[in-house]
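Trainee: Below is the structure I would like to discuss, written out as structure tokens.
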Amino acid sequence: MNQLSLTTPRLLLRPVEKDDQQKVFEGFSHPKVTKFFDITYATFEDTVVQIEWYKKNRETGLGYAWVVSNIEHPFMGVFSIYRIDNTNKRCELGYWLFPEYWGKGYAAESINAILQFVENDLKLHRIAAEVEPENTDSITLLDRLGFEREAFLRDYEYRNGKYNNLEIWAKLFPDN
């Protein structure tokens, strides 16, 4: 399962590879993309940590990261599941797209493919995402895809010189 790709009617979600480091750097250093991130990278060289994290997760079965692409756009962003816990049958979801691909349905289509994989292939019971309350686009997307808000965590992370709140959004797969 190391080289697992997912497909939708419009998209190919393929594993992140070392050759994607430049685009991953561009994403993790883009101010609009990283507005709500707790991780950013100042240099291309720094981004190797992220590429290695994706690789290690895939090799150990603790996560999968996919480049979202189609024929016209070979790299739109990265969607991933991580912290896969087979004992408790759960994982976490993370994602980003470059701004030029926002509002076109690519995020919903990608997450739906991942949800099918999590439910049908991994047989997990729960998938969760951490979202800042100000990230209303992400909250709207998760809500539309059947996620429910479970928690509001006050001053949960410290970033850019201040404490930030987070919400936990999760979706359950009752048959797993």
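Ordered as shown in the structure tokens, chains take letters A, B, and onward, while each chain numbers its residues from 1 and ligands are numbered from 1 in the order shown.
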Show me a table, sorted first by chain and then by increasing residue number, of the residues of stretch 26-131 of chain A having an atom at most 12 Å from stretch 147-150 of chain A, each with its shortest atom pair and the distance in Å to one decimal, counting only C-alpha atoms and written as a Markdown table.
Mentor:
```
| residue | atom | partner | partner_atom | distance |
| --- | --- | --- | --- | --- |
| A:Leu93 | CA | A:Phe147 | CA | 11.3 |
| A:Ile111 | CA | A:Phe147 | CA | 11.2 |
| A:Asn112 | CA | A:Phe147 | CA | 11.5 |
| A:Leu115 | CA | A:Phe147 | CA | 10.8 |
| A:Arg126 | CA | A:Phe147 | CA | 10.1 |
| A:Ile127 | CA | A:Phe147 | CA | 8.7 |
| A:Ala128 | CA | A:Phe147 | CA | 8.0 |
| A:Ala129 | CA | A:Phe147 | CA | 8.9 |
| A:Glu130 | CA | A:Arg149 | CA | 9.9 |
| A:Val131 | CA | A:Arg149 | CA | 9.8 |
```
Trainee: Suppose we keep N, CA and C atoms; can you now write the selection as an mmCIF file, in the first residue's frame?
Mentor:
```cif
data_model
loop_
_atom_site.group_PDB
_atom_site.id
_atom_site.type_symbol
_atom_site.label_atom_id
_atom_site.label_comp_id
_atom_site.auth_asym_id
_atom_site.auth_seq_id
_atom_site.Cartn_x
_atom_site.Cartn_y
_atom_site.Cartn_z
ATOM 1 N N LEU A 93 -6.973 14.432 9.708
ATOM 2 C CA LEU A 93 -6.992 14.941 8.336
ATOM 3 C C LEU A 93 -6.347 16.312 8.286
ATOM 4 N N ILE A 111 -11.374 15.293 -0.367
ATOM 5 C CA ILE A 111 -11.716 14.758 0.954
ATOM 6 C C ILE A 111 -12.688 13.592 0.827
ATOM 7 N N ASN A 112 -13.648 13.689 -0.074
ATOM 8 C CA ASN A 112 -14.571 12.561 -0.265
ATOM 9 C C ASN A 112 -13.830 11.289 -0.670
ATOM 10 N N LEU A 115 -12.168 10.061 2.443
ATOM 11 C CA LEU A 115 -13.149 9.477 3.362
ATOM 12 C C LEU A 115 -13.505 8.050 2.944
ATOM 13 N N ARG A 126 -13.123 6.664 12.859
ATOM 14 C CA ARG A 126 -13.175 8.106 13.108
ATOM 15 C C ARG A 126 -12.069 8.822 12.344
ATOM 16 N N ILE A 127 -12.420 9.989 11.808
ATOM 17 C CA ILE A 127 -11.447 10.899 11.212
ATOM 18 C C ILE A 127 -11.730 12.283 11.777
ATOM 19 N N ALA A 128 -10.687 12.994 12.172
ATOM 20 C CA ALA A 128 -10.859 14.303 12.804
ATOM 21 C C ALA A 128 -9.928 15.323 12.167
ATOM 22 N N ALA A 129 -10.314 16.586 12.300
ATOM 23 C CA ALA A 129 -9.495 17.696 11.812
ATOM 24 C C ALA A 129 -9.492 18.798 12.862
ATOM 25 N N GLU A 130 -8.333 19.415 13.047
ATOM 26 C CA GLU A 130 -8.214 20.583 13.919
ATOM 27 C C GLU A 130 -8.299 21.825 13.046
ATOM 28 N N VAL A 131 -9.181 22.764 13.425
ATOM 29 C CA VAL A 131 -9.416 23.951 12.616
ATOM 30 C C VAL A 131 -9.521 25.174 13.525
#
```
Trainee: Once DSSP has gone over the backbone, tell me which residues of chain A are in alpha helix (DSSP H), as a PyMOL selection string.
Mentor: chain A and resi 21-28+48-60+106-116+136-144
Trainee: May I have the residues within 12 Å of A:Leu97 as an NGL selection string, using only C-alpha atoms and disregarding those fewer than 6 positions away in the same chain?
Mentor: :A and (23-24 or 26-28 or 30 or 32-34 or 66-69 or 73 or 75-80 or 103-108 or 110-111 or 138)
Trainee: Quick one, how far is atom CA of A:Asn176 from atom CA of A:His125?
Mentor: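 Calculated distance between atom CA of A:Asn176 and atom CA of A:His125 is 5.0 Å.
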Trainee: Pull the closest atom pair for each residue of stretch 94-164 of chain A that gets at most 9 Å from stretch 83-86 of chain A, along with the distance in Å to one decimal, counting only C-alpha atoms, ordering rows by chain and then ascending residue number, as a Markdown table.
Mentor:
```
| residue | atom | partner | partner_atom | distance |
| --- | --- | --- | --- | --- |
| A:Leu122 | CA | A:Asn86 | CA | 8.4 |
| A:Lys123 | CA | A:Asn86 | CA | 8.8 |
| A:Leu124 | CA | A:Asn86 | CA | 7.2 |
```
Trainee: My list of candidates is A:Arg159, A:Lys56, A:Arg90, A:Arg14. Which is closest to A:Lys35 when distances are computed with only C-alpha atoms?
Mentor: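 Counting only C-alpha atoms, the residue closest to A:Lys35 is A:Arg159.
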Trainee: Give the strand (DSSP E) residues of chain A, as assigned by DSSP on the backbone, as a PyMOL selection string.
Mentor: chain A and resi 6-7+12-15+64-69+77-85+90-97+126-131+148-159+162-172
Trainee: In Å, rounded to a single decimal, give me how far atom CA of A:Leu153 is from atom CA of A:Asn165.
Mentor: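 According to the coordinates, atom CA of A:Asn165 and atom CA of A:Leu153 are separated by 5.5 Å.
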Trainee: Leaving out A:Gly63 and any residue of its chain fewer than 2 positions from it, which residues lie within 9 Å of it when counting only C-alpha atoms, given as a count of residues only?
Mentor: 16
Trainee: Of the candidates A:Val49, A:Ala151, A:Leu166, A:Ala113, which shows the shortest atom-to-atom distance to A:Glu134, using only C-alpha atoms?
Mentor: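 Among A:Val49, A:Ala151, A:Leu166, A:Ala113, it is A:Leu166 that comes nearest to A:Glu134.
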